[in-house]
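J.: Here you go, one structure.
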Amino acid sequence: MTLTIERPAVVAFATRPVAVVALALAAVLTALSGRYGFHRDELYFLVAGDHPAWGYVDQPPLTPLAARLSTAVFGDSPAGLRVVATVACAAIVALAAAVCRELGGSRRAQVLAAVFTAVSGFVLAVGHMVSTATLDVLAWLAVCWFVLRLLRTGDGRWWLGVGAAVGVGLENKYLVALLVLALLGGLLLTGQRRVLRGWWPVAGAALALALVLPNLWWQARHGWPQFTVAGGISADDGVENRLLFVPEQLLYLSPVFVPVWIAGGLRLWRDPELRWARAFAPAYLILCVLVLASGGKPYYALPLLVVLLAAGCERYAARPRDTIVPVALTVVLTALLSLPVLPPGAVSVVNAVNAEQGEQIGWPRLADATAEAWARIPEADRGRAVLLAQNYGEAGALAHYGPSRGLPAPYSGHMSFYDWGPPPDSADGPVLLVRQREADGIEAHFTGCRQVGTVDNGHGLDNEEQQAAIVLCTGPAAPWSTLWPSLRHFY
């Protein structure tokens, strides 16, 4: 059944000016995409993309497959890989403007929503490099836009759009399930149960389930490892995440935009003309509670904050000149924190706030030092030797940069690298171990170990994944098939 609901008509979409904002953002991201180098997650995605599957231990398949597609089309380089992130970020900006339009925003407010979103620190960060968060923000905003269309028009067929966006989002990251719970809670709290009745919600849910079913099947077959990874994040970082939650809500879009999204939340709650969209105000609060309760990372709640930001733009659209200075300040601040504009030697200034900057610097040095250590292995023994990395960042860097330096494909027990091993039992010769400098007992699995080198990123950045020790061992203490399960670690 399709409901007919009288709502205020929306104005035309500000296509040209919003497109200008999105294209300007894409141009900036493209110009900076080749600076620094691959992020450690990107190096992992490149290897995962070469092992296509319906799932991986720490994520669904969409981001690794998107990384593989981007490099196949645009080249195996940071700039080639990041085309997919640039396109996604431009779409995020357009969706923010579309959300503003659904909420009764004028053309000027839509442009303002596009500009505010484009210069927000978190949006710039996920647009600069490929990450699961990149496509996650896009999926969340798509879900919110479809829900707003559904609520404004009362046309139940929009449930199919909601289901499609949720299903695709789940194939990238399970976090979109938190958004679904938050929005359902908001609808129930604001008495909008009518929209949940009928067959269209069932059809939307069925479509979402059909899209995510291959990954659920993979996870079930492998013992649901993604829940193990999520548990590790909560156990190791839960306290810190909870302490940083409120500060990051205030800082990660921009401190300047806090009054805008607060105004947006209040507008959604108080404005009689937006009573139909009122559920989004408590939905953000419900989402915050869910993230805090689970010990998740504070940025998990930020995509819904973009919706509140878009809702608040109408108030400021009448005085666009008043936004020039705040936007200019935000551009300077967020560019320094989120984009590779500083010389590599100066990144330590911002690395404490955004460690993802430092994660893009120094990986070729790791491969250089490892190649020097590999050359110490007698040539007659190299056919039986194994290169083993402790974590996926090191393994990904060695997989990408190693072949040109004469290194073999690396093995690792970390995340999905474990599934791509073990080495054959015939590889019973020397083991070159690349591990973090703080030893964790991994050498107990090998014999005759001695440290033969160290690695840093060359710029004094405090980055423990790149602060590596290189250890040469005479061999494994047991056959690899026996030893491999004890080397597995998730987080």
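Note on naming: chains are A, B, ... as they come in the structure tokens, residues start from 1 per chain, ligands start from 1 in the order shown.
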Need the shell around Asp428 in chain A: protein/DNA/RNA residues with any atom at most 12 Å away, counting only C-alpha atoms. Skip same-chain ones fewer than 6 positions apart. Format as a ChimeraX atom specification?

T.: /A:381-387,446-447,473-481,483

J.: Next, write the just-selected residues to a file, as a CSV table (one decimal), in the first residue's frame, keeping all heavy atoms as the atom set.

T.:
```csv
chain,number,residue,atom,x,y,z
A,381,ASP,N,70.1,-21.2,0.4
A,381,ASP,CA,69.0,-21.5,1.4
A,381,ASP,C,67.7,-20.7,1.1
A,381,ASP,O,66.7,-20.9,1.7
A,381,ASP,CB,69.5,-21.1,2.8
A,381,ASP,CG,70.6,-22.0,3.3
A,381,ASP,OD1,70.7,-23.2,2.8
A,381,ASP,OD2,71.4,-21.6,4.1
A,382,ARG,N,67.8,-19.8,0.1
A,382,ARG,CA,66.6,-18.9,-0.1
A,382,ARG,C,65.4,-19.6,-0.6
A,382,ARG,O,64.3,-19.2,-0.3
A,382,ARG,CB,67.0,-17.7,-1.0
A,382,ARG,CG,68.0,-16.7,-0.4
A,382,ARG,CD,68.3,-15.6,-1.3
A,382,ARG,NE,69.5,-14.9,-0.8
A,382,ARG,CZ,70.2,-14.1,-1.6
A,382,ARG,NH1,69.9,-13.9,-2.8
A,382,ARG,NH2,71.3,-13.6,-1.1
A,383,GLY,N,65.6,-20.7,-1.3
A,383,GLY,CA,64.5,-21.5,-1.8
A,383,GLY,C,63.7,-22.1,-0.8
A,383,GLY,O,62.5,-22.4,-1.0
A,384,ARG,N,64.3,-22.3,0.4
A,384,ARG,CA,63.5,-22.9,1.6
A,384,ARG,C,63.2,-21.9,2.6
A,384,ARG,O,62.7,-22.2,3.7
A,384,ARG,CB,64.4,-24.0,2.2
A,384,ARG,CG,64.7,-25.2,1.3
A,384,ARG,CD,65.5,-26.3,2.0
A,384,ARG,NE,66.7,-25.8,2.5
A,384,ARG,CZ,67.0,-25.7,3.8
A,384,ARG,NH1,66.1,-26.1,4.7
A,384,ARG,NH2,68.2,-25.3,4.2
A,385,ALA,N,63.5,-20.6,2.4
A,385,ALA,CA,63.3,-19.5,3.3
A,385,ALA,C,61.9,-18.9,3.3
A,385,ALA,O,61.3,-19.0,2.2
A,385,ALA,CB,64.4,-18.4,3.2
A,386,VAL,N,61.5,-18.3,4.4
A,386,VAL,CA,60.2,-17.7,4.5
A,386,VAL,C,60.3,-16.3,5.0
A,386,VAL,O,61.1,-16.0,5.9
A,386,VAL,CB,59.3,-18.5,5.4
A,386,VAL,CG1,58.0,-17.7,5.8
A,386,VAL,CG2,58.9,-19.8,4.8
A,387,LEU,N,59.6,-15.4,4.4
A,387,LEU,CA,59.5,-14.0,4.9
A,387,LEU,C,58.2,-13.9,5.6
A,387,LEU,O,57.1,-14.0,5.1
A,387,LEU,CB,59.5,-13.0,3.7
A,387,LEU,CG,59.4,-11.5,4.0
A,387,LEU,CD1,60.4,-11.0,5.0
A,387,LEU,CD2,59.4,-10.7,2.7
A,446,PHE,N,60.4,-20.0,16.7
A,446,PHE,CA,61.4,-20.2,15.7
A,446,PHE,C,62.7,-20.5,16.5
A,446,PHE,O,62.8,-20.3,17.7
A,446,PHE,CB,61.6,-19.0,14.8
A,446,PHE,CG,60.3,-18.6,14.2
A,446,PHE,CD1,59.5,-17.6,14.7
A,446,PHE,CD2,59.8,-19.3,13.1
A,446,PHE,CE1,58.3,-17.2,14.1
A,446,PHE,CE2,58.6,-19.0,12.5
A,446,PHE,CZ,57.9,-17.9,13.0
A,447,THR,N,63.7,-21.0,15.8
A,447,THR,CA,65.0,-21.4,16.4
A,447,THR,C,66.1,-20.4,15.9
A,447,THR,O,66.0,-19.9,14.8
A,447,THR,CB,65.4,-22.8,16.0
A,447,THR,OG1,65.5,-23.0,14.6
A,447,THR,CG2,64.3,-23.8,16.6
A,473,CYS,N,66.0,-15.9,11.7
A,473,CYS,CA,66.0,-17.2,12.5
A,473,CYS,C,66.4,-18.3,11.6
A,473,CYS,O,66.3,-18.3,10.4
A,473,CYS,CB,64.6,-17.5,13.0
A,473,CYS,SG,63.9,-16.2,14.0
A,474,THR,N,67.0,-19.4,12.2
A,474,THR,CA,67.5,-20.5,11.4
A,474,THR,C,66.4,-21.3,10.8
A,474,THR,O,66.6,-22.0,9.8
A,474,THR,CB,68.4,-21.4,12.2
A,474,THR,OG1,67.7,-21.8,13.4
A,474,THR,CG2,69.7,-20.6,12.7
A,475,GLY,N,65.2,-21.3,11.4
A,475,GLY,CA,64.1,-22.1,10.9
A,475,GLY,C,62.9,-22.1,11.9
A,475,GLY,O,63.0,-21.6,13.0
A,476,PRO,N,61.8,-22.7,11.4
A,476,PRO,CA,60.6,-22.8,12.3
A,476,PRO,C,60.9,-23.9,13.3
A,476,PRO,O,61.6,-24.9,13.0
A,476,PRO,CB,59.5,-23.2,11.3
A,476,PRO,CG,60.2,-23.8,10.2
A,476,PRO,CD,61.5,-23.2,10.1
A,477,ALA,N,60.3,-23.8,14.5
A,477,ALA,CA,60.4,-24.8,15.5
A,477,ALA,C,59.6,-26.1,15.3
A,477,ALA,O,59.8,-27.1,16.0
A,477,ALA,CB,60.1,-24.2,16.9
A,478,ALA,N,58.7,-26.0,14.3
A,478,ALA,CA,57.8,-27.1,14.0
A,478,ALA,C,57.4,-27.0,12.5
A,478,ALA,O,57.6,-25.9,12.0
A,478,ALA,CB,56.6,-27.2,14.9
A,479,PRO,N,56.9,-28.0,11.9
A,479,PRO,CA,56.4,-27.8,10.5
A,479,PRO,C,55.3,-26.7,10.5
A,479,PRO,O,54.6,-26.5,11.4
A,479,PRO,CB,55.8,-29.2,10.2
A,479,PRO,CG,56.5,-30.1,11.1
A,479,PRO,CD,56.8,-29.4,12.3
A,480,TRP,N,55.3,-26.0,9.4
A,480,TRP,CA,54.4,-24.8,9.3
A,480,TRP,C,53.0,-25.2,9.5
A,480,TRP,O,52.2,-24.4,10.1
A,480,TRP,CB,54.6,-24.1,7.9
A,480,TRP,CG,55.9,-23.3,7.8
A,480,TRP,CD1,57.0,-23.6,7.2
A,480,TRP,CD2,56.1,-22.0,8.5
A,480,TRP,NE1,58.0,-22.6,7.3
A,480,TRP,CE2,57.4,-21.6,8.1
A,480,TRP,CE3,55.4,-21.2,9.3
A,480,TRP,CZ2,58.0,-20.4,8.6
A,480,TRP,CZ3,55.9,-20.0,9.7
A,480,TRP,CH2,57.2,-19.6,9.4
A,481,SER,N,52.6,-26.3,9.0
A,481,SER,CA,51.2,-26.7,9.1
A,481,SER,C,50.8,-26.9,10.6
A,481,SER,O,49.6,-26.7,11.0
A,481,SER,CB,50.9,-28.0,8.4
A,481,SER,OG,51.8,-29.1,8.8
A,483,LEU,N,52.6,-25.3,13.1
A,483,LEU,CA,52.9,-24.0,13.8
A,483,LEU,C,51.9,-22.9,13.4
A,483,LEU,O,51.6,-22.0,14.3
A,483,LEU,CB,54.3,-23.6,13.3
A,483,LEU,CG,54.9,-22.3,14.0
A,483,LEU,CD1,55.2,-22.6,15.4
A,483,LEU,CD2,56.2,-22.0,13.3
```

J.: May I have the residues within 7 Å of Gln226 in chain A as JSON, numbers by chain, using only C-alpha atoms and disregarding those fewer than 3 positions away in the same chain?

T.: {"A": [57, 58, 59, 229, 230]}

J.: For Tyr411 in chain A, list every protein, DNA or RNA residue within 8 Å, evaluated using only C-alpha atoms, and leave out those in the same chain fewer than 6 positions away; present the list as a PyMOL selection string.

T.: chain A and resi 386-389+395+417-418+420-423

J.: Set the distance at 12 Å and use only C-alpha atoms: which residues neighbour Ala283 in chain A once local chain neighbours fewer than 5 positions away are removed? I'd like the list as number ranges by chain.

T.: A: 144, 178-190, 265, 268-269, 277-278, 288-290, 301, 303-305, 307-308

J.: From the options A:Arg197, A:Gly127, A:Pro403, A:Ile377, which residue's atoms come nearest to Leu472 in chain A, counting only C-alpha atoms?

T.: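 Smallest separation from Leu472 in chain A among the options: A:Ile377.
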
J.: Apply DSSP to the backbone of this structure and, from range 216-320 of chain A, keep only the residues in alpha helix (DSSP H); write these as a PyMOL selection string.

T.: chain A and resi 216-221+225-251+258-270+280-294+302-317

J.: Neighbours of Ala371 in chain A within 8 Å (only C-alpha atoms; same-chain residues fewer than 5 positions away dropped), as a list in words?

T.: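 Contacts, with the query itself left out: Gly402, Arg405, Gly406 and Leu407 of chain A.
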
J.: Mind checking which residues fall within 7 Å of Ala367 in chain A, counting only C-alpha atoms, ignoring those fewer than 6 positions away in the same chain, and posting them as JSON, numbers by chain?

T.: {"A": [397, 398, 401, 402]}

J.: Given only C-alpha atoms as the basis, pick out the residue of A:Glu248, A:Asp41, A:Asp425, A:Asp271 nearest to Trp484 in chain A.

T.: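 With only C-alpha atoms as the atom set, the closest residue is A:Asp425.
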
J.: Please, what distance in Å, to one decimal, runs between CA of Ser70 in chain A and CA of Val87 in chain A?

T.: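 Going from CA of Ser70 in chain A over to CA of Val87 in chain A, I get 10.7 Å.
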
J.: Which residue is closest to Asp236 in chain A? Choose from A:Gly204, A:Leu69, A:Phe490, A:His39 and count only C-alpha atoms.

T.: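 For Asp236 in chain A, the nearest of the candidates is A:Phe490.
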
J.: So which residues touch Leu366 in chain A within 12 Å, counting only C-alpha atoms, skipping near sequence neighbours fewer than 5 positions away, as an MDAnalysis selection string?

T.: chainID A and resid 40 361 371:373 389 393:402 405 407 434:436 453:458 465:470

J.: Select, from A:Ala113, A:Tyr299, A:Asp322, A:Ala90, the residue with the minimum atom-to-atom distance to Leu250 in chain A, counting only C-alpha atoms.

T.: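 Among the listed residues, A:Tyr299 lies closest to Leu250 in chain A.
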
J.: Kindly indicate which residue among A:Arg35, A:Arg157, A:His459, A:Lys173 lies nearest to Val347 in chain A, using only C-alpha atoms for the distances.

T.: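 So, comparing all the options, the nearest one is A:His459.
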
J.: Which one of A:Ser412, A:Ser131, A:Ser33, A:Gln451 sits closest to Arg437 in chain A if you count only C-alpha atoms?

T.: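 Looking at the shortest contact to Arg437 in chain A, the residue is A:Gln451.
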
J.: DSSP on the backbone: what in range 260-405 of chain A comes out strand (DSSP E), as an NGL selection string?

T.: :A and (386-389)
